[in-house]
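Here is target-v7.csv, consisting of CSV, N, CA and C atoms:
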```csv
chain,number,residue,atom,x,y,z
J,80,MET,N,32.7,-3.7,-59.9
J,80,MET,CA,32.5,-2.7,-61.0
J,80,MET,C,31.2,-2.0,-60.6
J,81,HIS,N,31.2,-0.7,-60.9
J,81,HIS,CA,30.1,0.2,-60.5
J,81,HIS,C,29.4,0.7,-61.8
J,82,ASP,N,29.0,-0.2,-62.6
J,82,ASP,CA,28.4,0.2,-63.9
J,82,ASP,C,26.9,-0.3,-63.9
J,83,SER,N,26.1,0.4,-63.2
J,83,SER,CA,24.7,0.0,-63.1
J,83,SER,C,23.9,0.6,-64.2
J,84,LYS,N,22.6,0.2,-64.3
J,84,LYS,CA,21.7,0.7,-65.3
J,84,LYS,C,21.5,2.2,-65.1
J,85,HIS,N,21.4,2.7,-63.8
J,85,HIS,CA,21.2,4.1,-63.6
J,85,HIS,C,22.4,5.0,-63.9
J,86,SER,N,23.6,4.5,-63.7
J,86,SER,CA,24.7,5.3,-64.0
J,86,SER,C,24.9,5.5,-65.5
J,87,ARG,N,24.4,4.5,-66.3
J,87,ARG,CA,24.4,4.7,-67.7
J,87,ARG,C,23.4,5.7,-68.2
J,88,LEU,N,22.3,5.8,-67.5
J,88,LEU,CA,21.2,6.8,-67.8
J,88,LEU,C,21.7,8.3,-67.6
J,89,TYR,N,22.5,8.5,-66.6
J,89,TYR,CA,23.0,9.8,-66.3
J,89,TYR,C,24.4,10.1,-66.8
J,90,LYS,N,24.9,9.3,-67.7
J,90,LYS,CA,26.2,9.5,-68.2
J,90,LYS,C,26.1,10.8,-69.1
J,91,GLY,N,27.0,11.7,-68.9
J,91,GLY,CA,27.0,13.0,-69.7
J,91,GLY,C,26.1,14.0,-69.0
J,92,TYR,N,25.5,13.7,-67.9
J,92,TYR,CA,24.6,14.6,-67.2
J,92,TYR,C,25.4,15.8,-66.7
J,93,ASN,N,24.9,17.0,-67.0
J,93,ASN,CA,25.5,18.3,-66.6
J,93,ASN,C,24.7,18.9,-65.5
J,94,PRO,N,25.1,19.0,-64.3
J,94,PRO,CA,24.3,19.6,-63.2
J,94,PRO,C,23.9,21.0,-63.4
J,95,LEU,N,24.8,21.8,-64.1
J,95,LEU,CA,24.5,23.2,-64.4
J,95,LEU,C,23.2,23.3,-65.3
J,96,ILE,N,23.1,22.5,-66.3
J,96,ILE,CA,21.9,22.5,-67.2
J,96,ILE,C,20.7,22.2,-66.4
J,97,PHE,N,20.8,21.2,-65.5
J,97,PHE,CA,19.6,20.9,-64.6
J,97,PHE,C,19.2,22.0,-63.7
J,98,LEU,N,20.2,22.7,-63.1
J,98,LEU,CA,19.9,23.9,-62.3
J,98,LEU,C,19.2,25.0,-63.1
J,99,LEU,N,19.7,25.3,-64.2
J,99,LEU,CA,19.1,26.3,-65.1
J,99,LEU,C,17.7,26.0,-65.5
J,100,ALA,N,17.5,24.7,-65.8
J,100,ALA,CA,16.1,24.3,-66.2
J,100,ALA,C,15.2,24.4,-65.0
J,101,ALA,N,15.6,24.0,-63.9
J,101,ALA,CA,14.8,24.1,-62.7
J,101,ALA,C,14.5,25.5,-62.3
J,102,SER,N,15.4,26.4,-62.4
J,102,SER,CA,15.2,27.8,-62.1
J,102,SER,C,14.2,28.4,-63.1
J,103,PHE,N,14.3,28.0,-64.3
J,103,PHE,CA,13.4,28.5,-65.3
J,103,PHE,C,12.0,28.1,-65.0
J,104,LEU,N,11.8,26.8,-64.7
J,104,LEU,CA,10.5,26.2,-64.3
J,104,LEU,C,9.9,27.0,-63.1
J,105,VAL,N,10.7,27.2,-62.1
J,105,VAL,CA,10.2,27.8,-60.9
J,105,VAL,C,9.8,29.3,-61.2
J,106,GLY,N,10.6,30.0,-62.0
J,106,GLY,CA,10.3,31.3,-62.4
J,106,GLY,C,9.0,31.4,-63.2
J,107,SER,N,8.8,30.4,-64.1
J,107,SER,CA,7.6,30.5,-64.9
J,107,SER,C,6.3,30.2,-64.2
J,108,LEU,N,6.5,29.5,-63.0
J,108,LEU,CA,5.3,29.2,-62.2
J,108,LEU,C,4.7,30.5,-61.6
J,109,HIS,N,5.5,31.5,-61.4
J,109,HIS,CA,5.1,32.7,-60.8
J,109,HIS,C,5.1,33.9,-61.8
J,110,ALA,N,5.0,33.6,-63.1
J,110,ALA,CA,5.1,34.6,-64.1
J,110,ALA,C,4.0,35.7,-64.0
J,111,ASP,N,2.8,35.3,-63.4
J,111,ASP,CA,1.7,36.3,-63.3
J,111,ASP,C,1.9,37.2,-62.1
J,112,THR,N,2.8,37.0,-61.3
J,112,THR,CA,3.1,37.8,-60.1
J,112,THR,C,4.1,38.9,-60.5
J,113,PRO,N,3.8,40.2,-60.4
J,113,PRO,CA,4.7,41.2,-60.8
J,113,PRO,C,6.0,41.2,-59.9
J,114,MET,N,7.1,41.3,-60.5
J,114,MET,CA,8.4,41.2,-59.8
J,114,MET,C,8.5,42.5,-58.9
J,115,ASN,N,8.1,43.6,-59.3
J,115,ASN,CA,8.3,44.9,-58.6
J,115,ASN,C,6.9,45.5,-58.3
J,116,ALA,N,6.1,44.9,-57.4
J,116,ALA,CA,4.8,45.4,-57.1
J,116,ALA,C,5.0,46.8,-56.5
J,117,PRO,N,4.1,47.7,-56.9
J,117,PRO,CA,4.2,49.1,-56.4
J,117,PRO,C,4.1,49.1,-54.9
J,118,ASP,N,4.9,49.9,-54.2
J,118,ASP,CA,5.0,50.1,-52.8
J,118,ASP,C,4.1,51.3,-52.4
J,119,THR,N,2.8,51.2,-52.7
J,119,THR,CA,1.9,52.3,-52.4
J,119,THR,C,0.7,51.8,-51.6
J,120,GLY,N,0.0,52.7,-51.0
J,120,GLY,CA,-1.2,52.3,-50.2
J,120,GLY,C,-1.5,53.3,-49.2
J,121,ILE,N,-2.2,52.9,-48.1
J,121,ILE,CA,-2.6,53.8,-47.1
J,121,ILE,C,-2.2,53.2,-45.7
J,122,ARG,N,-1.7,54.0,-44.9
J,122,ARG,CA,-1.4,53.6,-43.5
J,122,ARG,C,-1.8,54.8,-42.6
J,123,GLY,N,-2.2,54.4,-41.4
J,123,GLY,CA,-2.6,55.4,-40.5
J,123,GLY,C,-3.3,54.9,-39.2
J,124,ILE,N,-4.2,55.6,-38.7
J,124,ILE,CA,-4.9,55.3,-37.5
J,124,ILE,C,-6.4,55.6,-37.6
J,125,THR,N,-7.2,54.8,-37.0
J,125,THR,CA,-8.6,55.1,-37.0
J,125,THR,C,-9.0,55.4,-35.6
J,126,LEU,N,-9.8,56.5,-35.5
J,126,LEU,CA,-10.3,57.0,-34.2
J,126,LEU,C,-11.8,57.1,-34.2
J,127,TRP,N,-12.5,57.1,-33.1
J,127,TRP,CA,-13.9,57.5,-33.0
J,127,TRP,C,-14.2,58.3,-31.8
J,128,GLY,N,-15.2,59.1,-31.9
J,128,GLY,CA,-15.5,60.0,-30.8
J,128,GLY,C,-16.8,60.7,-31.1
J,129,PRO,N,-17.3,61.4,-30.1
J,129,PRO,CA,-16.8,61.4,-28.7
J,129,PRO,C,-17.1,60.1,-28.0
J,130,VAL,N,-16.2,59.8,-27.1
J,130,VAL,CA,-16.3,58.6,-26.3
J,130,VAL,C,-16.8,58.8,-24.9
J,131,LYS,N,-17.0,60.1,-24.5
J,131,LYS,CA,-17.6,60.4,-23.2
J,131,LYS,C,-18.8,61.3,-23.4
J,132,PRO,N,-19.8,61.1,-22.6
J,132,PRO,CA,-21.0,61.9,-22.7
J,132,PRO,C,-20.7,63.3,-22.1
J,133,GLY,N,-21.5,64.3,-22.6
J,133,GLY,CA,-21.4,65.6,-22.0
J,133,GLY,C,-20.5,66.5,-22.9
J,134,PRO,N,-20.3,67.7,-22.4
J,134,PRO,CA,-19.5,68.7,-23.2
J,134,PRO,C,-18.0,68.3,-23.2
J,135,SER,N,-17.3,68.7,-24.3
J,135,SER,CA,-15.9,68.5,-24.4
J,135,SER,C,-15.2,69.3,-23.4
J,136,ARG,N,-14.0,68.8,-22.9
J,136,ARG,CA,-13.2,69.6,-21.9
J,136,ARG,C,-11.9,70.0,-22.6
J,137,LEU,N,-11.6,71.2,-22.5
J,137,LEU,CA,-10.4,71.8,-23.1
J,137,LEU,C,-9.2,71.0,-22.7
J,138,GLY,N,-8.4,70.5,-23.6
J,138,GLY,CA,-7.2,69.8,-23.3
J,138,GLY,C,-7.4,68.3,-23.1
J,139,GLN,N,-8.6,67.8,-23.2
J,139,GLN,CA,-8.9,66.4,-23.0
J,139,GLN,C,-9.5,65.9,-24.4
J,140,SER,N,-8.9,64.8,-24.8
J,140,SER,CA,-9.4,64.2,-26.1
J,140,SER,C,-10.7,63.5,-25.9
J,141,ASP,N,-11.6,63.7,-26.8
J,141,ASP,CA,-12.9,63.0,-26.8
J,141,ASP,C,-12.8,61.8,-27.8
J,142,GLU,N,-11.7,61.4,-28.3
J,142,GLU,CA,-11.5,60.4,-29.2
J,142,GLU,C,-10.7,59.2,-28.7
J,143,ALA,N,-11.0,58.0,-29.2
J,143,ALA,CA,-10.3,56.8,-28.8
J,143,ALA,C,-10.0,56.0,-30.0
J,144,PRO,N,-9.0,55.1,-30.0
J,144,PRO,CA,-8.7,54.2,-31.1
J,144,PRO,C,-9.9,53.4,-31.4
J,145,LEU,N,-10.1,53.1,-32.7
J,145,LEU,CA,-11.2,52.3,-33.2
J,145,LEU,C,-10.6,51.0,-33.8
J,146,GLN,N,-10.9,49.9,-33.2
J,146,GLN,CA,-10.5,48.6,-33.7
J,146,GLN,C,-11.7,48.1,-34.5
J,147,ALA,N,-11.6,47.9,-35.8
J,147,ALA,CA,-12.8,47.5,-36.6
J,147,ALA,C,-12.3,47.0,-38.0
J,148,THR,N,-13.3,46.5,-38.7
J,148,THR,CA,-13.0,46.2,-40.1
J,148,THR,C,-13.5,47.3,-41.0
J,149,PHE,N,-12.8,47.6,-42.1
J,149,PHE,CA,-13.1,48.7,-43.0
J,149,PHE,C,-13.1,48.1,-44.4
J,150,LEU,N,-14.1,48.6,-45.2
J,150,LEU,CA,-14.1,48.3,-46.6
J,150,LEU,C,-13.5,49.4,-47.4
J,151,VAL,N,-12.8,49.0,-48.5
J,151,VAL,CA,-12.2,50.0,-49.4
J,151,VAL,C,-12.9,49.9,-50.7
J,152,HIS,N,-13.4,51.1,-51.2
J,152,HIS,CA,-14.2,51.2,-52.4
J,152,HIS,C,-13.4,52.1,-53.4
J,153,SER,N,-13.5,51.7,-54.7
J,153,SER,CA,-13.0,52.5,-55.8
J,153,SER,C,-13.9,52.4,-56.9
J,154,ALA,N,-14.3,53.6,-57.5
J,154,ALA,CA,-15.2,53.7,-58.6
J,154,ALA,C,-16.5,53.0,-58.2
J,155,GLY,N,-17.0,53.1,-57.0
J,155,GLY,CA,-18.3,52.6,-56.5
J,155,GLY,C,-18.3,51.1,-56.2
J,156,ARG,N,-17.2,50.4,-56.2
J,156,ARG,CA,-17.2,49.0,-55.9
J,156,ARG,C,-16.1,48.7,-54.9
J,157,LYS,N,-16.4,47.6,-54.1
J,157,LYS,CA,-15.5,47.2,-53.1
J,157,LYS,C,-14.3,46.5,-53.7
J,158,VAL,N,-13.1,47.0,-53.4
J,158,VAL,CA,-11.9,46.5,-54.0
J,158,VAL,C,-11.0,45.8,-52.9
J,159,ALA,N,-11.2,46.1,-51.6
J,159,ALA,CA,-10.4,45.5,-50.6
J,159,ALA,C,-11.0,45.7,-49.2
J,160,HIS,N,-10.4,45.2,-48.2
J,160,HIS,CA,-10.8,45.5,-46.8
J,160,HIS,C,-9.6,45.3,-45.9
J,161,PHE,N,-9.7,45.9,-44.7
J,161,PHE,CA,-8.6,45.8,-43.8
J,161,PHE,C,-9.1,45.9,-42.4
J,162,LYS,N,-8.3,45.6,-41.4
J,162,LYS,CA,-8.7,45.7,-40.0
J,162,LYS,C,-7.7,46.6,-39.3
J,163,SER,N,-8.2,47.4,-38.4
J,163,SER,CA,-7.3,48.2,-37.6
J,163,SER,C,-7.1,47.4,-36.3
J,164,ASP,N,-5.9,47.6,-35.7
J,164,ASP,CA,-5.6,46.9,-34.4
J,164,ASP,C,-6.2,47.6,-33.2
J,165,ALA,N,-5.9,47.1,-32.0
J,165,ALA,CA,-6.4,47.7,-30.8
J,165,ALA,C,-6.0,49.2,-30.6
J,166,LYS,N,-5.0,49.6,-31.2
J,166,LYS,CA,-4.5,51.0,-31.1
J,166,LYS,C,-5.1,51.8,-32.3
J,167,GLY,N,-5.9,51.2,-33.1
J,167,GLY,CA,-6.4,51.9,-34.3
J,167,GLY,C,-5.5,51.9,-35.5
J,168,LYS,N,-4.3,51.3,-35.4
J,168,LYS,CA,-3.4,51.4,-36.5
J,168,LYS,C,-3.7,50.4,-37.6
J,169,PHE,N,-3.4,50.8,-38.8
J,169,PHE,CA,-3.6,49.9,-40.0
J,169,PHE,C,-2.7,50.3,-41.1
J,170,GLU,N,-2.6,49.3,-42.0
J,170,GLU,CA,-1.8,49.6,-43.3
J,170,GLU,C,-2.4,48.6,-44.3
J,171,ILE,N,-2.5,49.2,-45.5
J,171,ILE,CA,-3.0,48.4,-46.6
J,171,ILE,C,-2.3,48.8,-47.9
J,172,SER,N,-1.8,47.9,-48.7
J,172,SER,CA,-1.2,48.1,-50.0
J,172,SER,C,-2.3,48.3,-51.0
J,173,LEU,N,-2.2,49.4,-51.8
J,173,LEU,CA,-3.2,49.6,-52.8
J,173,LEU,C,-2.5,50.4,-54.0
J,174,PRO,N,-2.9,50.2,-55.2
J,174,PRO,CA,-2.3,51.0,-56.3
J,174,PRO,C,-2.7,52.5,-56.1
J,175,ALA,N,-2.0,53.3,-56.7
J,175,ALA,CA,-2.3,54.8,-56.7
J,175,ALA,C,-3.7,55.0,-57.2
J,176,GLY,N,-4.4,55.9,-56.6
J,176,GLY,CA,-5.7,56.2,-57.0
J,176,GLY,C,-6.6,56.8,-55.9
J,177,ASP,N,-7.9,57.0,-56.2
J,177,ASP,CA,-8.8,57.5,-55.2
J,177,ASP,C,-9.7,56.4,-54.6
J,178,TYR,N,-9.8,56.5,-53.3
J,178,TYR,CA,-10.5,55.4,-52.6
J,178,TYR,C,-11.5,56.0,-51.6
J,179,VAL,N,-12.5,55.3,-51.2
J,179,VAL,CA,-13.4,55.6,-50.1
J,179,VAL,C,-13.4,54.5,-49.1
J,180,ILE,N,-13.1,54.9,-47.8
J,180,ILE,CA,-13.0,54.0,-46.7
J,180,ILE,C,-14.3,54.0,-45.9
J,181,VAL,N,-14.9,52.9,-45.7
J,181,VAL,CA,-16.2,52.8,-45.0
J,181,VAL,C,-16.1,51.7,-43.9
J,182,PRO,N,-16.5,52.1,-42.7
J,182,PRO,CA,-16.6,51.0,-41.6
J,182,PRO,C,-17.5,49.9,-42.0
J,183,ASP,N,-17.2,48.7,-41.7
J,183,ASP,CA,-18.0,47.6,-41.9
J,183,ASP,C,-19.3,47.7,-41.1
J,184,LYS,N,-20.4,47.1,-41.6
J,184,LYS,CA,-21.7,47.3,-40.9
J,184,LYS,C,-21.7,46.7,-39.5
J,185,SER,N,-20.7,45.9,-39.2
J,185,SER,CA,-20.6,45.3,-37.8
J,185,SER,C,-20.0,46.3,-36.8
J,186,THR,N,-19.5,47.4,-37.3
J,186,THR,CA,-18.9,48.4,-36.4
J,186,THR,C,-20.0,49.0,-35.5
J,187,PRO,N,-19.9,49.0,-34.2
J,187,PRO,CA,-20.9,49.5,-33.3
J,187,PRO,C,-21.1,51.0,-33.2
J,188,MET,N,-21.6,51.6,-34.3
J,188,MET,CA,-21.8,53.0,-34.4
J,188,MET,C,-23.1,53.2,-35.3
J,189,PRO,N,-23.7,54.4,-35.1
J,189,PRO,CA,-24.9,54.6,-36.0
J,189,PRO,C,-24.5,54.8,-37.4
J,190,GLY,N,-25.2,54.1,-38.3
J,190,GLY,CA,-25.0,54.2,-39.8
J,190,GLY,C,-23.5,54.1,-40.2
J,191,PRO,N,-22.8,53.1,-39.9
J,191,PRO,CA,-21.4,53.0,-40.3
J,191,PRO,C,-21.2,53.2,-41.8
J,192,GLN,N,-22.1,52.7,-42.6
J,192,GLN,CA,-22.0,52.7,-44.1
J,192,GLN,C,-22.1,54.2,-44.6
J,193,HIS,N,-22.6,55.1,-43.8
J,193,HIS,CA,-22.7,56.5,-44.2
J,193,HIS,C,-21.5,57.3,-43.7
J,194,GLN,N,-20.6,56.7,-43.0
J,194,GLN,CA,-19.4,57.4,-42.5
J,194,GLN,C,-18.3,57.1,-43.4
J,195,GLN,N,-18.2,57.8,-44.6
J,195,GLN,CA,-17.2,57.5,-45.6
J,195,GLN,C,-16.1,58.5,-45.5
J,196,LYS,N,-14.9,58.0,-45.7
J,196,LYS,CA,-13.7,58.9,-45.8
J,196,LYS,C,-13.0,58.7,-47.1
J,197,SER,N,-12.7,59.8,-47.8
J,197,SER,CA,-12.0,59.7,-49.1
J,197,SER,C,-10.5,59.8,-48.8
J,198,VAL,N,-9.8,59.0,-49.5
J,198,VAL,CA,-8.3,59.0,-49.4
J,198,VAL,C,-7.7,58.8,-50.8
J,199,THR,N,-6.7,59.6,-51.1
J,199,THR,CA,-6.0,59.5,-52.4
J,199,THR,C,-4.6,58.8,-52.1
J,200,VAL,N,-4.4,57.7,-52.8
J,200,VAL,CA,-3.1,57.0,-52.7
J,200,VAL,C,-2.1,57.7,-53.7
J,201,PRO,N,-1.0,58.1,-53.3
J,201,PRO,CA,-0.1,58.8,-54.3
J,201,PRO,C,0.6,57.7,-55.2
J,202,VAL,N,1.2,58.2,-56.2
J,202,VAL,CA,1.9,57.4,-57.2
J,202,VAL,C,3.1,56.7,-56.6
J,203,ASP,N,3.7,57.4,-55.6
J,203,ASP,CA,4.9,56.9,-55.0
J,203,ASP,C,4.8,57.0,-53.5
J,204,GLY,N,4.6,55.9,-52.8
J,204,GLY,CA,4.6,55.9,-51.3
J,204,GLY,C,3.2,55.7,-50.8
J,205,TYR,N,3.0,55.9,-49.5
J,205,TYR,CA,1.8,55.7,-48.8
J,205,TYR,C,1.1,57.0,-48.4
J,206,ALA,N,-0.2,57.0,-48.5
J,206,ALA,CA,-1.0,58.2,-47.9
J,206,ALA,C,-1.0,57.9,-46.4
J,207,ILE,N,-0.6,58.9,-45.6
J,207,ILE,CA,-0.6,58.8,-44.1
J,207,ILE,C,-1.9,59.6,-43.7
J,208,VAL,N,-2.8,58.8,-43.0
J,208,VAL,CA,-4.1,59.5,-42.6
J,208,VAL,C,-4.5,59.2,-41.2
J,209,THR,N,-5.3,60.0,-40.7
J,209,THR,CA,-6.0,59.8,-39.4
J,209,THR,C,-7.5,59.8,-39.8
J,210,LEU,N,-8.2,58.7,-39.7
J,210,LEU,CA,-9.6,58.6,-40.0
J,210,LEU,C,-10.4,58.7,-38.7
J,211,ILE,N,-11.3,59.7,-38.6
J,211,ILE,CA,-12.1,59.9,-37.4
J,211,ILE,C,-13.5,59.7,-37.7
J,212,PHE,N,-14.2,58.8,-37.0
J,212,PHE,CA,-15.6,58.4,-37.2
J,212,PHE,C,-16.4,58.9,-36.0
J,213,ASP,N,-17.7,59.1,-36.2
J,213,ASP,CA,-18.6,59.7,-35.2
J,213,ASP,C,-19.3,58.5,-34.5
J,214,THR,N,-19.2,58.5,-33.1
J,214,THR,CA,-19.9,57.5,-32.3
J,214,THR,C,-21.4,57.8,-32.2
J,215,GLY,N,-21.8,59.0,-32.4
J,215,GLY,CA,-23.2,59.4,-32.2
J,215,GLY,C,-23.5,59.8,-30.8
J,216,MET,N,-22.5,59.7,-29.9
J,216,MET,CA,-22.7,60.1,-28.5
J,216,MET,C,-22.7,61.6,-28.4
J,217,ARG,N,-23.6,62.1,-27.6
J,217,ARG,CA,-23.6,63.6,-27.3
J,217,ARG,C,-23.8,63.9,-25.9
```
As structure tokens - that is how I would like this structure written.
Amino acid sequence: MHDSKHSRLYKGYNPLIFLLAASFLVGSLHADTPMNAPDTGIRGITLWGPVKPGPSRLGQSDEAPLQATFLVHSAGRKVAHFKSDAKGKFEISLPAGDYVIVPDKSTPMPGPQHQQKSVTVPVDGYAIVTLIFDTGMR
């Protein structure tokens, strides 16, 4: 006979009710996370220049990709940061609004905190930008 203590505990057990309860519990654990986070932010490339001393030559770029850490400010306070890759490319998700991008103080350029770039994130989509910073080379 297969009438154990455990089988009596689960008599009348409905697996559907258990699955519904489990999915409710898992859903409530993440209730503070928005289901449809806005798909907005900034993406682009960071450059710096000039990268060669002397006068600029017609048809030759004096800029190069800038791999660095950048701070993102809104209303005068830091709200985020991001890093550009070796090709200067970056992407950061941010809510719509006005931001100021500033190179981190570790960036090897004169006065990085004074090289600020303003960017407006649209209500729908990403702001596509090229941010060019001054190396101080002349």
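If you measure from each of J:Thr119, J:Ser185, J:Ser153, J:Thr125 to Val200 in chain J using all atoms listed in the file, the closest one turns out to be J:Thr119.
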Just to confirm, what's the straight-line distance from CA of Thr214 in chain J to CA of His152 in chain J in Å (one decimal)? 21.8 Å
Please report, as a Markdown table, each residue of range 130-174 of chain J lying at most 12 Å from range 202-206 of chain J, together with the nearest pair of atoms and the separation in Å rounded to one decimal; use only C-alpha atoms, and order rows by chain and ascending residue number.
```
| residue | atom | partner | partner_atom | distance |
| --- | --- | --- | --- | --- |
| J:Phe169 | CA | J:Ala206 | CA | 11.7 |
| J:Glu170 | CA | J:Tyr205 | CA | 9.0 |
| J:Ile171 | CA | J:Tyr205 | CA | 9.0 |
| J:Ser172 | CA | J:Tyr205 | CA | 8.3 |
| J:Leu173 | CA | J:Tyr205 | CA | 8.8 |
| J:Pro174 | CA | J:Val202 | CA | 7.7 |
```
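Going from CA of Ala154 in chain J over to atom C of Met188 in chain J, you cover 24.6 Å.
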Can you tell me which residues surround Arg217 in chain J at a distance of at most 7 Å, considering all atoms listed in the file, apart from same-chain residues fewer than 6 positions away, and format the answer as a compact mmCIF listing (two decimals) with N, CA and C atoms, in the frame of the given file?
```
# COMPACT_ATOMS: atom_id res chain seq x y z
N PRO J 129 -17.30 61.40 -30.10
CA PRO J 129 -16.80 61.40 -28.70
C PRO J 129 -17.10 60.10 -28.00
N LYS J 131 -17.00 60.10 -24.50
CA LYS J 131 -17.60 60.40 -23.20
C LYS J 131 -18.80 61.30 -23.40
N PRO J 132 -19.80 61.10 -22.60
CA PRO J 132 -21.00 61.90 -22.70
C PRO J 132 -20.70 63.30 -22.10
N GLY J 133 -21.50 64.30 -22.60
CA GLY J 133 -21.40 65.60 -22.00
C GLY J 133 -20.50 66.50 -22.90
N PRO J 134 -20.30 67.70 -22.40
CA PRO J 134 -19.50 68.70 -23.20
C PRO J 134 -18.00 68.30 -23.20
```
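Atom N of Gly138 in chain J sits 23.3 Å away from atom N of Val208 in chain J.
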Excluding Glu142 in chain J and its own-chain neighbours fewer than 2 positions away, which residues fall within 7 Å of it when counting all atoms listed in the file? Please give them as a short mmCIF file (atom, residue, chain, number, x, y, z; two decimals) with N, CA and C atoms, in the coordinates of the input.
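The new file part.cif reads:
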```cif
data_model
loop_
_atom_site.label_atom_id
_atom_site.label_comp_id
_atom_site.auth_asym_id
_atom_site.auth_seq_id
_atom_site.Cartn_x
_atom_site.Cartn_y
_atom_site.Cartn_z
N LEU J 126 -9.80 56.50 -35.50
CA LEU J 126 -10.30 57.00 -34.20
C LEU J 126 -11.80 57.10 -34.20
N TRP J 127 -12.50 57.10 -33.10
CA TRP J 127 -13.90 57.50 -33.00
C TRP J 127 -14.20 58.30 -31.80
N GLY J 128 -15.20 59.10 -31.90
CA GLY J 128 -15.50 60.00 -30.80
C GLY J 128 -16.80 60.70 -31.10
N PRO J 129 -17.30 61.40 -30.10
CA PRO J 129 -16.80 61.40 -28.70
C PRO J 129 -17.10 60.10 -28.00
N VAL J 130 -16.20 59.80 -27.10
CA VAL J 130 -16.30 58.60 -26.30
C VAL J 130 -16.80 58.80 -24.90
N LYS J 131 -17.00 60.10 -24.50
CA LYS J 131 -17.60 60.40 -23.20
C LYS J 131 -18.80 61.30 -23.40
N GLN J 139 -8.60 67.80 -23.20
CA GLN J 139 -8.90 66.40 -23.00
C GLN J 139 -9.50 65.90 -24.40
N SER J 140 -8.90 64.80 -24.80
CA SER J 140 -9.40 64.20 -26.10
C SER J 140 -10.70 63.50 -25.90
N PRO J 144 -9.00 55.10 -30.00
CA PRO J 144 -8.70 54.20 -31.10
C PRO J 144 -9.90 53.40 -31.40
#
```
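Residue nearest Ser163 in chain J within the list J:Asp141, J:Ile121, J:Gly190, J:Ala147: J:Ala147 [criterion: smallest interatomic distance, all atoms listed in the file].
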Judged by only C-alpha atoms, the minimum distance to Ile207 in chain J among J:Lys168, J:His193, J:Lys162, J:Lys184 is found for J:Lys168
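In this comparison, which uses only C-alpha atoms, the residue of J:Gly167, J:Gly123, J:Pro182, J:Gly176 approaching Thr199 in chain J most closely is J:Gly176.
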